[in-house]
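Participant: Here you go, this is final.txt (compact mmCIF, C-alpha atoms).
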# COMPACT_ATOMS: atom_id res chain seq x y z
CA MET D 1 20.62 25.52 -20.79
CA GLN D 2 20.98 22.06 -22.27
CA VAL D 3 24.22 21.47 -20.35
CA ARG D 4 22.47 22.38 -17.13
CA HIS D 5 19.71 19.93 -17.91
CA LEU D 6 22.23 17.23 -18.67
CA ARG D 7 23.99 17.89 -15.36
CA SER D 8 20.64 17.66 -13.60
CA ALA D 9 19.94 14.50 -15.49
CA SER D 10 23.25 13.03 -14.33
CA PHE D 11 22.24 13.55 -10.71
CA ALA D 12 18.86 12.16 -11.58
CA LEU D 13 20.53 9.09 -13.06
CA LEU D 14 22.38 8.50 -9.81
CA GLY D 15 19.14 8.82 -7.90
CA ALA D 16 17.29 6.48 -10.19
CA ALA D 17 20.13 3.96 -10.11
CA ALA D 18 20.11 4.19 -6.33
CA TRP D 19 16.42 3.35 -6.36
CA PHE D 20 16.94 0.14 -8.30
CA LEU D 21 20.15 -0.89 -6.63
CA SER D 22 19.23 -0.19 -3.05
CA PRO D 23 17.39 -2.77 -0.98
CA ASN D 24 16.07 0.11 1.12
CA SER D 25 12.35 0.33 0.44
CA ALA D 26 12.19 3.97 1.56
CA LYS D 27 14.57 4.89 -1.21
CA SER D 28 12.62 2.82 -3.66
CA GLN D 29 9.57 4.98 -3.08
CA SER D 30 11.37 8.18 -4.04
CA GLY D 31 11.40 7.19 -7.69
CA ASP D 32 7.72 6.34 -7.96
CA GLN D 33 5.74 7.97 -10.73
CA PHE D 34 2.07 7.47 -11.53
CA PHE D 35 -0.03 7.89 -14.64
CA ASN D 36 -3.74 7.51 -15.25
CA SER D 37 -4.54 4.56 -17.51
CA ASN D 38 -8.21 4.93 -18.41
CA GLY D 39 -9.13 5.67 -14.79
CA VAL D 40 -6.64 3.31 -13.12
CA ASN D 41 -3.51 4.78 -11.54
CA ILE D 42 -0.40 2.87 -12.55
CA ARG D 43 2.94 3.16 -10.73
CA TYR D 44 6.12 3.17 -12.80
CA VAL D 45 9.81 4.00 -12.40
CA VAL D 46 12.42 4.93 -14.98
CA ALA D 47 16.21 4.52 -14.83
CA GLY D 48 19.11 4.79 -17.25
CA LYS D 49 19.25 6.09 -20.78
CA GLY D 50 19.40 4.50 -24.20
CA GLU D 51 16.94 2.33 -26.04
CA PRO D 52 13.79 1.98 -23.94
CA VAL D 53 13.04 -1.34 -22.24
CA VAL D 54 9.65 -1.94 -20.61
CA LEU D 55 9.40 -4.67 -17.98
CA VAL D 56 6.17 -6.52 -17.12
CA HIS D 57 6.25 -8.53 -13.89
CA GLY D 58 4.57 -11.75 -12.84
CA PHE D 59 1.36 -12.57 -11.02
CA ALA D 60 1.12 -11.45 -7.35
CA SER D 61 4.47 -9.70 -7.70
CA ASN D 62 5.44 -6.12 -8.52
CA LEU D 63 8.14 -4.11 -10.27
CA GLU D 64 10.63 -4.90 -7.52
CA MET D 65 11.10 -8.37 -9.02
CA TRP D 66 13.23 -6.81 -11.77
CA ARG D 67 15.89 -5.33 -9.47
CA PRO D 68 18.80 -7.62 -10.56
CA LEU D 69 18.07 -7.16 -14.25
CA VAL D 70 17.58 -3.40 -14.01
CA ALA D 71 20.94 -2.94 -12.33
CA ASP D 72 22.50 -4.43 -15.44
CA LEU D 73 20.24 -3.06 -18.18
CA SER D 74 20.10 0.55 -16.94
CA LYS D 75 23.80 0.96 -17.71
CA ASP D 76 22.93 1.39 -21.38
CA HIS D 77 19.14 1.36 -21.63
CA GLU D 78 16.27 3.49 -20.45
CA VAL D 79 14.48 0.96 -18.27
CA VAL D 80 10.80 1.44 -17.45
CA ALA D 81 9.27 -0.90 -14.88
CA PHE D 82 5.68 -0.64 -13.72
CA ASP D 83 3.21 -2.31 -11.38
CA CYS D 84 0.52 -4.05 -13.38
CA ARG D 85 -2.99 -3.05 -12.38
CA GLY D 86 -4.11 -5.11 -9.40
CA HIS D 87 -0.51 -5.30 -8.18
CA GLY D 88 2.03 -3.37 -6.13
CA LYS D 89 1.16 0.28 -5.70
CA SER D 90 -1.07 0.51 -8.75
CA ASP D 91 -4.84 0.66 -8.33
CA LYS D 92 -6.55 -2.67 -7.73
CA PRO D 93 -10.03 -2.89 -9.25
CA HIS D 94 -12.11 -5.90 -8.23
CA GLU D 95 -13.99 -6.23 -11.52
CA PRO D 96 -12.63 -8.83 -14.00
CA ALA D 97 -13.59 -6.50 -16.87
CA GLN D 98 -10.90 -4.12 -15.65
CA TYR D 99 -8.19 -6.68 -16.51
CA GLY D 100 -7.67 -8.84 -19.62
CA VAL D 101 -6.79 -6.67 -22.61
CA GLU D 102 -6.73 -3.61 -20.36
CA MET D 103 -3.39 -4.97 -19.09
CA VAL D 104 -2.06 -4.80 -22.64
CA ASN D 105 -3.55 -1.34 -23.05
CA ASP D 106 -1.72 -0.21 -19.90
CA ILE D 107 1.57 -0.83 -21.72
CA THR D 108 0.60 1.09 -24.85
CA ARG D 109 -0.74 3.94 -22.70
CA LEU D 110 2.49 4.00 -20.68
CA LEU D 111 4.49 4.18 -23.91
CA ASP D 112 2.26 7.02 -25.09
CA HIS D 113 2.59 8.78 -21.74
CA LEU D 114 6.38 8.65 -22.03
CA GLN D 115 6.28 9.53 -25.74
CA ILE D 116 7.97 6.28 -26.70
CA SER D 117 6.98 4.90 -30.09
CA LYS D 118 8.75 1.54 -29.83
CA ALA D 119 10.50 -0.32 -27.03
CA HIS D 120 12.04 -3.60 -26.08
CA ILE D 121 9.15 -5.14 -24.14
CA MET D 122 9.85 -7.97 -21.75
CA GLY D 123 7.52 -9.93 -19.50
CA TYR D 124 7.92 -12.83 -17.16
CA SER D 125 5.29 -15.41 -16.21
CA MET D 126 1.97 -13.49 -16.27
CA GLY D 127 3.92 -10.61 -17.80
CA GLY D 128 5.18 -12.93 -20.54
CA GLY D 129 1.60 -13.82 -21.40
CA ILE D 130 0.67 -10.14 -21.59
CA VAL D 131 3.65 -9.47 -23.87
CA MET D 132 2.65 -12.32 -26.20
CA LYS D 133 -0.87 -10.90 -26.49
CA MET D 134 0.57 -7.45 -27.18
CA LEU D 135 2.86 -8.96 -29.81
CA VAL D 136 -0.24 -10.06 -31.71
CA GLU D 137 -2.28 -6.90 -31.13
CA HIS D 138 0.37 -4.16 -31.31
CA PRO D 139 3.52 -5.45 -33.05
CA ASP D 140 4.27 -1.90 -34.20
CA ARG D 141 5.18 -0.88 -30.63
CA PHE D 142 8.04 -3.39 -30.31
CA LEU D 143 11.75 -3.09 -30.96
CA THR D 144 12.04 -6.62 -29.64
CA ALA D 145 9.93 -8.93 -27.50
CA VAL D 146 11.05 -11.14 -24.63
CA ALA D 147 8.65 -13.67 -23.15
CA GLY D 148 9.93 -15.34 -20.01
CA ALA D 149 8.41 -18.58 -18.72
CA ASN D 150 5.21 -18.03 -20.68
CA GLY D 151 4.57 -18.66 -24.36
CA GLY D 152 1.15 -17.01 -24.28
CA PHE D 153 -2.05 -17.80 -22.41
CA HIS D 154 -4.02 -20.77 -23.70
CA ALA D 155 -7.46 -22.07 -22.79
CA GLN D 156 -6.02 -24.87 -20.68
CA ASP D 157 -4.06 -22.33 -18.64
CA ILE D 158 -7.28 -20.56 -17.73
CA GLU D 159 -8.87 -23.85 -16.66
CA GLN D 160 -5.89 -24.67 -14.47
CA GLN D 161 -6.17 -21.31 -12.74
CA ALA D 162 -9.76 -21.90 -11.66
CA SER D 163 -8.93 -23.32 -8.23
CA LEU D 164 -6.45 -20.55 -7.52
CA THR D 165 -9.05 -17.97 -8.51
CA ARG D 166 -11.63 -19.47 -6.13
CA TYR D 167 -9.01 -19.45 -3.39
CA LEU D 168 -8.32 -15.76 -3.96
CA GLN D 169 -11.99 -14.86 -4.20
CA SER D 170 -12.43 -16.23 -0.70
CA GLY D 171 -10.02 -13.52 0.47
CA MET D 172 -7.09 -15.85 1.10
CA VAL D 173 -3.63 -14.45 0.43
CA ILE D 174 -0.89 -16.25 -1.47
CA LEU D 175 1.91 -17.38 0.79
CA ARG D 176 5.12 -18.92 -0.34
CA SER D 177 8.28 -20.09 1.32
CA SER D 178 10.84 -17.31 1.80
CA ASN D 179 13.68 -19.63 0.83
CA ARG D 180 12.29 -20.16 -2.63
CA GLY D 181 12.58 -17.64 -5.39
CA SER D 182 9.31 -15.80 -5.57
CA ALA D 183 10.24 -13.09 -8.03
CA ALA D 184 8.17 -14.59 -10.79
CA GLY D 185 5.21 -14.00 -8.56
CA CYS D 186 3.29 -17.11 -9.39
CA PRO D 187 2.58 -20.22 -7.32
CA SER D 188 2.01 -22.29 -10.44
CA THR D 189 3.63 -22.47 -13.84
CA GLN D 190 0.66 -21.05 -15.66
CA CYS D 191 0.13 -17.60 -14.17
CA MET N 1 6.76 -17.91 5.02
CA LYS N 2 6.35 -14.45 3.62
CA ARG N 3 3.87 -12.70 1.47
CA ASP N 4 5.36 -11.72 -1.88
CA ASP N 5 3.74 -8.32 -2.20
CA PRO N 6 2.87 -6.27 0.90
CA ASN N 7 0.14 -4.57 -1.12
CA HIS N 8 -1.39 -7.91 -2.06
CA ASP N 9 -5.17 -7.73 -2.61
CA PRO N 10 -6.61 -11.24 -3.13
CA LYS N 11 -9.87 -10.04 -4.65
CA ALA N 12 -8.01 -7.93 -7.19
CA LEU N 13 -5.79 -10.89 -8.06
CA ALA N 14 -8.87 -13.09 -8.47
CA ALA N 15 -10.39 -10.51 -10.83
CA GLN N 16 -7.13 -10.39 -12.76
CA SER N 17 -7.11 -14.18 -13.14
CA LEU N 18 -10.68 -14.15 -14.41
CA GLY N 19 -9.68 -11.57 -17.02
CA ASN N 20 -6.96 -13.80 -18.46
CA SER N 21 -9.41 -15.36 -20.92
CA GLU N 22 -9.11 -12.14 -22.93
CA LEU N 23 -5.36 -12.67 -23.16
CA ILE N 24 -5.53 -16.06 -24.86
CA VAL N 25 -3.18 -16.25 -27.84
CA HIS N 26 -3.83 -18.72 -30.64
CA ASP N 27 -0.53 -20.05 -31.91
CA GLU N 28 -1.43 -19.53 -35.57
CA THR N 29 -1.65 -15.78 -34.98
CA LEU N 30 2.05 -15.80 -34.14
CA LYS N 31 3.15 -17.27 -37.45
CA ALA N 32 3.22 -13.83 -39.09
CA ASN N 33 5.37 -12.33 -36.34
CA LYS N 34 8.22 -10.15 -37.61
CA VAL N 35 9.37 -8.73 -34.27
CA PRO N 36 12.69 -10.13 -33.05
CA THR N 37 11.60 -12.31 -30.16
CA LEU N 38 13.31 -14.21 -27.38
CA VAL N 39 11.50 -16.88 -25.39
CA ILE N 40 13.40 -17.85 -22.25
CA TYR N 41 12.51 -20.30 -19.50
CA GLY N 42 13.93 -22.67 -16.94
CA GLY N 43 14.79 -26.21 -17.93
CA ASN N 44 12.75 -27.45 -14.97
CA ASP N 45 9.75 -25.26 -15.76
CA HIS N 46 7.69 -27.67 -17.85
CA PRO N 47 9.61 -27.12 -21.09
CA GLU N 48 7.10 -29.27 -22.97
CA ARG N 49 4.73 -26.27 -22.84
CA PHE N 50 6.84 -24.58 -25.52
CA THR N 51 6.80 -27.41 -28.08
CA ASP N 52 3.80 -26.10 -30.04
CA LEU N 53 4.99 -22.50 -29.71
CA LYS N 54 8.29 -23.37 -31.38
CA LYS N 55 6.38 -24.55 -34.44
CA ALA N 56 4.20 -21.42 -34.63
CA LEU N 57 6.82 -18.87 -33.62
CA SER N 58 9.61 -20.53 -35.49
CA ASN N 59 11.62 -17.36 -36.08
CA ALA N 60 12.01 -16.65 -32.36
CA GLU N 61 15.13 -17.41 -30.37
CA TYR N 62 14.68 -19.93 -27.55
CA LYS N 63 16.88 -20.05 -24.47
CA VAL N 64 16.65 -22.64 -21.73
CA ILE N 65 18.29 -22.00 -18.37
CA ALA N 66 19.46 -25.42 -17.31
CA GLY N 67 18.43 -26.54 -13.87
CA ALA N 68 16.18 -23.55 -13.19
CA GLY N 69 12.53 -23.69 -12.21
CA HIS N 70 9.76 -21.17 -12.75
CA ALA N 71 10.82 -18.61 -10.17
CA GLY N 72 14.54 -19.34 -10.24
CA ALA N 73 15.16 -18.68 -13.94
CA VAL N 74 14.49 -14.93 -13.79
CA GLN N 75 16.73 -14.56 -10.75
CA SER N 76 19.70 -16.30 -12.31
CA ARG N 77 22.80 -14.55 -13.61
CA GLU N 78 22.39 -16.50 -16.84
CA PHE N 79 19.02 -14.83 -17.43
CA VAL N 80 20.60 -11.38 -17.20
CA LYS N 81 23.41 -12.40 -19.53
CA ASP N 82 21.03 -13.92 -22.06
CA ILE N 83 18.90 -10.77 -22.16
CA ALA N 84 21.95 -8.53 -22.60
CA HIS N 85 23.28 -10.77 -25.37
CA PHE N 86 19.91 -10.77 -27.14
CA PHE N 87 19.68 -6.97 -27.13
CA LYS N 88 23.21 -6.61 -28.42
CA SER N 89 22.53 -9.07 -31.21
CA ILE N 90 19.61 -6.99 -32.48
CA ASN N 91 20.34 -3.86 -34.42
CA SER N 92 16.79 -2.63 -34.39
CA VAL N 93 16.90 1.10 -33.82
CA THR N 94 16.76 3.68 -36.56
CA LEU N 95 17.91 7.06 -35.30
CA THR N 96 15.75 9.81 -36.68
CA ASN N 97 18.22 12.43 -35.47
CA PRO N 98 21.26 10.99 -33.69
CA SER N 99 22.45 14.39 -32.52
CA GLU N 100 19.24 15.15 -30.68
CA VAL N 101 19.49 14.95 -26.91
CA ASP N 102 16.17 15.69 -25.31
CA VAL N 103 16.27 15.21 -21.56
CA LYS N 104 13.17 15.72 -19.52
CA LEU N 105 12.90 15.28 -15.80
CA HIS N 106 10.24 13.24 -14.05
CA GLY N 107 10.06 14.27 -10.41
CA ILE N 108 13.13 14.46 -8.24
CA ASP N 109 15.30 11.54 -9.14
CA THR N 110 14.04 9.82 -12.25
CA PHE N 111 14.30 10.91 -15.81
CA THR N 112 14.04 9.82 -19.37
CA ALA N 113 16.53 10.66 -22.08
CA ASN N 114 15.41 10.50 -25.66
CA VAL N 115 18.77 10.00 -27.31
CA HIS N 116 17.70 6.92 -29.22
CA ARG N 117 14.01 7.55 -29.36
CA GLU N 118 11.81 7.85 -32.38
CA ARG N 119 9.28 10.60 -31.81
CA ARG N 120 5.67 9.73 -32.46
Please rewrite the model in this file as structure tokens.

Facilitator:
Amino acid sequence: MQVRHLRSASFALLGAAAWFLSPNSAKSQSGDQFFNSNGVNIRYVVAGKGEPVVLVHGFASNLEMWRPLVADLSKDHEVVAFDCRGHGKSDKPHEPAQYGVEMVNDITRLLDHLQISKAHIMGYSMGGGIVMKMLVEHPDRFLTAVAGANGGFHAQDIEQQASLTRYLQSGMVILRSSNRGSAAGCPSTQC
Amino acid sequence: MKRDDPNHDPKALAAQSLGNSELIVHDETLKANKVPTLVIYGGNDHPERFTDLKKALSNAEYKVIAGAGHAGAVQSREFVKDIAHFFKSINSVTLTNPSEVDVKLHGIDTFTANVHRERR
């Protein structure tokens, strides 16, 4: 029975790897999973096997930003990438109270959902700020921490975001040049 | 020009930004950190922002990707190599039962394998 499961898992690995490696968005949807995080549906995908690695993307981006890294890491890690609430295919509440520490809680709930006690947890830009907060609040859930382009949110960062927030509240979308890297998902350095 | 996320909802992003005040981290709270930590950023991404952090989180490893900006650093080959090197340099996993292989399927083509996982 176990051998059959492993064989199934091998095919599953190929499918999951295809999701991350393929630029075809239709294929990317086949690996989508969702879980309920205190009333908010969160999309996630899993690929590879080994020590678990959880990836937290940047502002106004989604889990697709990790494609180059996942292709490498999933060779010897179980990689879990998810859309932060308010992003990608996850639910998008409009109430500020639904964000903040709830974005940290989404990670701990995702770990619980997948029955993972500890993981390498990596964030970039906004995701890096979330990881730094989680490092203070839940250090017991980390194997290691990686904070990319963000050493933690500070009061001055919040002040600098005020104009961007007003812009978004007016219903304006964020546009950026297609010839610039946008994977970090942030038009400023402080998101 | 292109929009980064086709599912972009400006009002949700505004709400997210307003919630960031709950995510503020005071540097002194990081001084007790015992988790192996890597901080990585582009050399053109305002590196001065990390000066105070280096004092508080002095046991972290810091990597600077020369010539890279905010968005470019994460897309660089050097970023991928630095992450892989960091993971390999950390021997952080204690196997509770190395012979255990517990595979469970999630949907059609994704799965998790618990070979190196500590059960809660």

Participant: Could you check how far atom CA of Ile121 of chain D sits from atom CA of Val79 of chain D, in Å to one decimal?

Facilitator: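 About the pair atom CA of Ile121 of chain D and atom CA of Val79 of chain D: they are 10.0 Å apart.
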
Participant: Could you give me, as a list in words, the residues within 7 Å of segment 142-150 of chain D, counting all atoms listed in the file and dropping anything in the same chain fewer than 2 positions from it?

Facilitator: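 So, after excluding close chain neighbours, the residues are Lys118, Ala119, His120, Ile121, Met122, Gly123, Tyr124, Ser125, Gly128, Gly129, Val131, Met132, Pro139, Asp140 and Gly152 of chain D; Val35, Pro36, Thr37, Leu38, Val39, Ile40, Tyr41, His70 and Ser92 of chain N.
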
Participant: Record the distance separating atom CA of Ala97 of chain D and atom CA of Ile130 of chain D, expressed in Å with one decimal.

Facilitator: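 Going from atom CA of Ala97 of chain D over to atom CA of Ile130 of chain D, I get 15.5 Å.
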
Participant: Which distance in Å separates atom CA of Gly72 of chain N and atom CA of Asp52 of chain N, to one decimal?

Facilitator: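 These atoms are spaced 23.5 Å apart.
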
Participant: Would you mind listing what lies within 7 Å of Leu57 of chain N as a VMD selection string, with all atoms listed in the file counted and same-chain residues fewer than 4 positions away left out?

Facilitator: chain N and resid 30 to 31 53

Participant: What does the file look like for those residues with C-alpha atoms, as an mmCIF file, in the frame of the given file?

Facilitator:
data_model
loop_
_atom_site.group_PDB
_atom_site.id
_atom_site.type_symbol
_atom_site.label_atom_id
_atom_site.label_comp_id
_atom_site.auth_asym_id
_atom_site.auth_seq_id
_atom_site.Cartn_x
_atom_site.Cartn_y
_atom_site.Cartn_z
ATOM 1 C CA LEU N 30 2.050 -15.800 -34.140
ATOM 2 C CA LYS N 31 3.150 -17.270 -37.450
ATOM 3 C CA LEU N 53 4.990 -22.500 -29.710
#

Participant: So, counting only C-alpha atoms, which residue among N:Asn33, N:Ser89, N:Asn44, N:Asn7 is closest to Val64 of chain N?

Facilitator: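 Nearest candidate to Val64 of chain N out of N:Asn33, N:Ser89, N:Asn44, N:Asn7: N:Asn44.
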
Participant: Can you list, as a PDB file with C-alpha atoms, in the coordinates of the input, every protein, DNA or RNA residue that comes within 12 Å of Ser21 of chain N when you count all atoms listed in the file, leaving out same-chain residues fewer than 2 positions away?

Facilitator:
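Below you can see out-v4.pdb, which holds the result:
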ATOM      1  CA  PRO D  96     -12.630  -8.830 -14.000  1.00  0.00           C
ATOM      2  CA  ALA D  97     -13.590  -6.500 -16.870  1.00  0.00           C
ATOM      3  CA  TYR D  99      -8.190  -6.680 -16.510  1.00  0.00           C
ATOM      4  CA  GLY D 100      -7.670  -8.840 -19.620  1.00  0.00           C
ATOM      5  CA  VAL D 101      -6.790  -6.670 -22.610  1.00  0.00           C
ATOM      6  CA  GLY D 129       1.600 -13.820 -21.400  1.00  0.00           C
ATOM      7  CA  ILE D 130       0.670 -10.140 -21.590  1.00  0.00           C
ATOM      8  CA  LYS D 133      -0.870 -10.900 -26.490  1.00  0.00           C
ATOM      9  CA  GLY D 152       1.150 -17.010 -24.280  1.00  0.00           C
ATOM     10  CA  PHE D 153      -2.050 -17.800 -22.410  1.00  0.00           C
ATOM     11  CA  HIS D 154      -4.020 -20.770 -23.700  1.00  0.00           C
ATOM     12  CA  ALA D 155      -7.460 -22.070 -22.790  1.00  0.00           C
ATOM     13  CA  GLN D 156      -6.020 -24.870 -20.680  1.00  0.00           C
ATOM     14  CA  ASP D 157      -4.060 -22.330 -18.640  1.00  0.00           C
ATOM     15  CA  ILE D 158      -7.280 -20.560 -17.730  1.00  0.00           C
ATOM     16  CA  GLU D 159      -8.870 -23.850 -16.660  1.00  0.00           C
ATOM     17  CA  GLN D 160      -5.890 -24.670 -14.470  1.00  0.00           C
ATOM     18  CA  GLN D 161      -6.170 -21.310 -12.740  1.00  0.00           C
ATOM     19  CA  ALA D 162      -9.760 -21.900 -11.660  1.00  0.00           C
ATOM     20  CA  CYS D 191       0.130 -17.600 -14.170  1.00  0.00           C
TER      21      CYS D 191
ATOM     22  CA  ALA N  15     -10.390 -10.510 -10.830  1.00  0.00           C
ATOM     23  CA  GLN N  16      -7.130 -10.390 -12.760  1.00  0.00           C
ATOM     24  CA  SER N  17      -7.110 -14.180 -13.140  1.00  0.00           C
ATOM     25  CA  LEU N  18     -10.680 -14.150 -14.410  1.00  0.00           C
ATOM     26  CA  GLY N  19      -9.680 -11.570 -17.020  1.00  0.00           C
ATOM     27  CA  LEU N  23      -5.360 -12.670 -23.160  1.00  0.00           C
ATOM     28  CA  ILE N  24      -5.530 -16.060 -24.860  1.00  0.00           C
ATOM     29  CA  VAL N  25      -3.180 -16.250 -27.840  1.00  0.00           C
ATOM     30  CA  HIS N  26      -3.830 -18.720 -30.640  1.00  0.00           C
TER      31      HIS N  26
END

Participant: Of the candidates N:Asp9, N:Ser76, N:Phe86, N:Ala66, which one gets nearest to Asp45 of chain N if we count all atoms listed in the file?

Facilitator: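 Selected residue with least distance to Asp45 of chain N: N:Ala66.
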
Participant: With all atoms listed in the file as the atoms that count, which of D:Gln98, D:Asn36, D:Ser74, D:Asn41 lies nearest to chain N?

Facilitator: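 Among D:Gln98, D:Asn36, D:Ser74, D:Asn41, it is D:Gln98 that comes nearest to chain N.
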